[in-house]
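Notes for the one structure printed next.
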Amino acid sequence: PKTDKEYQFSGFWAAENFFAETSQLLDYNITNVYQFQNGMINGSYFSYATINFESIYQEFIENLWDVASEFIEEQQLEKLIEKIAKKYKKATDFLYLGRGMNFPVALEGALKLKEISYIHAEGYPAAEMKHGPIALVDKNMPSVFIVPKDKTYEKIISNIQEIKSRKGKIIIVTDSKDKVLKELANDLIIVPRTNHYLFVVLATIVLQLLAYHIA
């Protein structure tokens with residue numbers, strides 16, 4: 001069994017990666033909102049300039065900190081991730097799949113696995129799965145799906161079913177407790193329910209911890 005210090009260390013590792021990987025994303029989004037706000041004030045969208053972007057982003061940052069702090073301290077979730085990591089530590093290839101905003105999350109998950117475990121891993125848009133990656137799937141290859149309960153949900157379920165039909169091993173990271181996911185997944189990791197922007201952050205931390213424990 002892991003000691004409290006070992007859990008603390010892995011939590012700090014996740015926290016360090018969390019801040020490193022997400023700070024650029026936050027800077028980018030804040031800059032875009034600032035430019036959008038100024039464009040509406042100075043341009044043709046003046047009627048919308050009364051939107052309080054400062055309060056929106058203040059709420060976003062506060063929620064981000066609360067969710068991330070609670071998430072990183074959740075030992076039960078990390079124990080589950082560690083258990084899944086042990087199950088797949090001898091795999092030689094991994095496939096990471098996501099749609100929309102979660103495609104970069106898939107890329108990040110694959111990159112982290114390659115960086116610290118030296119296992120071959122590829123991230124792909126789930127919508128393009130048929131154009132090459134699916135030909136590599138067999139009973140020995142784990143596929144990691146990032147599946148938020150949003151507008152991409154039904155389509156990515158269809159992608160998961162295709163992998164299932166080829167007997168591929170399926171790991172799902174989601175914020176949904178739907179029965180269909182439990183039926184499709186070999187392993188299911190459920191993160192706290194939040195908005196779709198913060199889900200991206202939580203899913204990234206899960207994939208970083210998965211890579212950490214596999215290594």
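Note on naming: chains are A, B, ... as they come in the structure tokens, residues start from 1 per chain, ligands start from 1 in the order shown.
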
Contacts of stretch 189-208 of chain A with stretch 145-149 of chain A up to 10 Å, shortest pair per row, only C-alpha atoms, as JSON lines:
{"residue": "A:Ile189", "atom": "CA", "partner": "A:Ile146", "partner_atom": "CA", "distance": 9.8}
{"residue": "A:Ile190", "atom": "CA", "partner": "A:Pro148", "partner_atom": "CA", "distance": 9.8}
{"residue": "A:Val191", "atom": "CA", "partner": "A:Pro148", "partner_atom": "CA", "distance": 9.6}
{"residue": "A:Arg193", "atom": "CA", "partner": "A:Pro148", "partner_atom": "CA", "distance": 9.0}
{"residue": "A:Thr194", "atom": "CA", "partner": "A:Pro148", "partner_atom": "CA", "distance": 9.7}
{"residue": "A:Asn195", "atom": "CA", "partner": "A:Pro148", "partner_atom": "CA", "distance": 9.4}
{"residue": "A:His196", "atom": "CA", "partner": "A:Pro148", "partner_atom": "CA", "distance": 7.2}
{"residue": "A:Phe199", "atom": "CA", "partner": "A:Pro148", "partner_atom": "CA", "distance": 7.1}
{"residue": "A:Val200", "atom": "CA", "partner": "A:Pro148", "partner_atom": "CA", "distance": 8.7}
{"residue": "A:Ala203", "atom": "CA", "partner": "A:Ile146", "partner_atom": "CA", "distance": 7.1}
{"residue": "A:Thr204", "atom": "CA", "partner": "A:Ile146", "partner_atom": "CA", "distance": 9.4}
{"residue": "A:Leu207", "atom": "CA", "partner": "A:Ile146", "partner_atom": "CA", "distance": 9.5}

Saved selection, atoms kept: N, CA, C and O atoms, as a compact mmCIF listing (two decimals), in the first residue's frame:
# COMPACT_ATOMS: atom_id res chain seq x y z
N ILE A 189 -13.27 5.92 -15.64
CA ILE A 189 -12.79 6.93 -14.68
C ILE A 189 -13.75 8.10 -14.73
O ILE A 189 -13.87 8.77 -15.77
N ILE A 190 -14.45 8.35 -13.63
CA ILE A 190 -15.45 9.42 -13.58
C ILE A 190 -14.90 10.58 -12.77
O ILE A 190 -14.50 10.41 -11.61
N VAL A 191 -14.87 11.76 -13.38
CA VAL A 191 -14.40 12.97 -12.70
C VAL A 191 -15.61 13.79 -12.25
O VAL A 191 -16.73 13.57 -12.72
N ARG A 193 -18.52 16.45 -11.98
CA ARG A 193 -19.27 17.13 -13.04
C ARG A 193 -19.07 18.65 -12.92
O ARG A 193 -19.22 19.23 -11.84
N THR A 194 -18.69 19.27 -14.02
CA THR A 194 -18.49 20.71 -14.05
C THR A 194 -18.83 21.19 -15.45
O THR A 194 -19.47 20.48 -16.21
N ASN A 195 -18.41 22.40 -15.82
CA ASN A 195 -18.68 22.85 -17.19
C ASN A 195 -17.66 22.24 -18.15
O ASN A 195 -16.65 21.67 -17.73
N HIS A 196 -17.93 22.35 -19.45
CA HIS A 196 -17.10 21.64 -20.42
C HIS A 196 -15.70 22.22 -20.55
O HIS A 196 -14.80 21.56 -21.03
N PHE A 199 -13.89 20.55 -17.56
CA PHE A 199 -13.73 19.11 -17.80
C PHE A 199 -12.42 18.83 -18.52
O PHE A 199 -11.73 17.84 -18.23
N VAL A 200 -12.06 19.69 -19.45
CA VAL A 200 -10.80 19.55 -20.18
C VAL A 200 -9.63 19.51 -19.21
O VAL A 200 -8.69 18.70 -19.37
N ALA A 203 -9.77 16.14 -17.12
CA ALA A 203 -9.38 14.99 -17.95
C ALA A 203 -7.87 14.98 -18.19
O ALA A 203 -7.24 13.92 -18.21
N THR A 204 -7.28 16.16 -18.34
CA THR A 204 -5.84 16.26 -18.53
C THR A 204 -5.10 15.73 -17.30
O THR A 204 -4.13 14.98 -17.43
N LEU A 207 -5.19 11.90 -17.22
CA LEU A 207 -4.27 11.27 -18.16
C LEU A 207 -2.82 11.42 -17.72
O LEU A 207 -1.99 10.54 -17.97

Pick out the residues sitting within 9 Å of A:Ile116, and hand them over as an NGL selection string; count only C-alpha atoms, and ignore anything fewer than 4 positions along from it in its own chain. :A and (111-112 or 211-212 or 214-215)

For A:Asp138, find every residue with an atom within 7 Å (counting only C-alpha atoms), except residues of its own chain fewer than 6 positions away, and show them as a PyMOL selection string. chain A and resi 166-168

Taking N, CA and C atoms for each residue, export the selection above as a short mmCIF file (atom, residue, chain, number, x, y, z; two decimals), in the first residue's frame.
data_model
loop_
_atom_site.label_atom_id
_atom_site.label_comp_id
_atom_site.auth_asym_id
_atom_site.auth_seq_id
_atom_site.Cartn_x
_atom_site.Cartn_y
_atom_site.Cartn_z
N ARG A 166 -14.17 -4.52 -32.35
CA ARG A 166 -12.87 -5.09 -32.72
C ARG A 166 -12.14 -5.67 -31.51
N LYS A 167 -12.87 -5.79 -30.41
CA LYS A 167 -12.35 -6.38 -29.17
C LYS A 167 -11.21 -5.59 -28.55
N GLY A 168 -11.14 -4.30 -28.87
CA GLY A 168 -10.12 -3.46 -28.26
C GLY A 168 -10.44 -3.16 -26.81
#
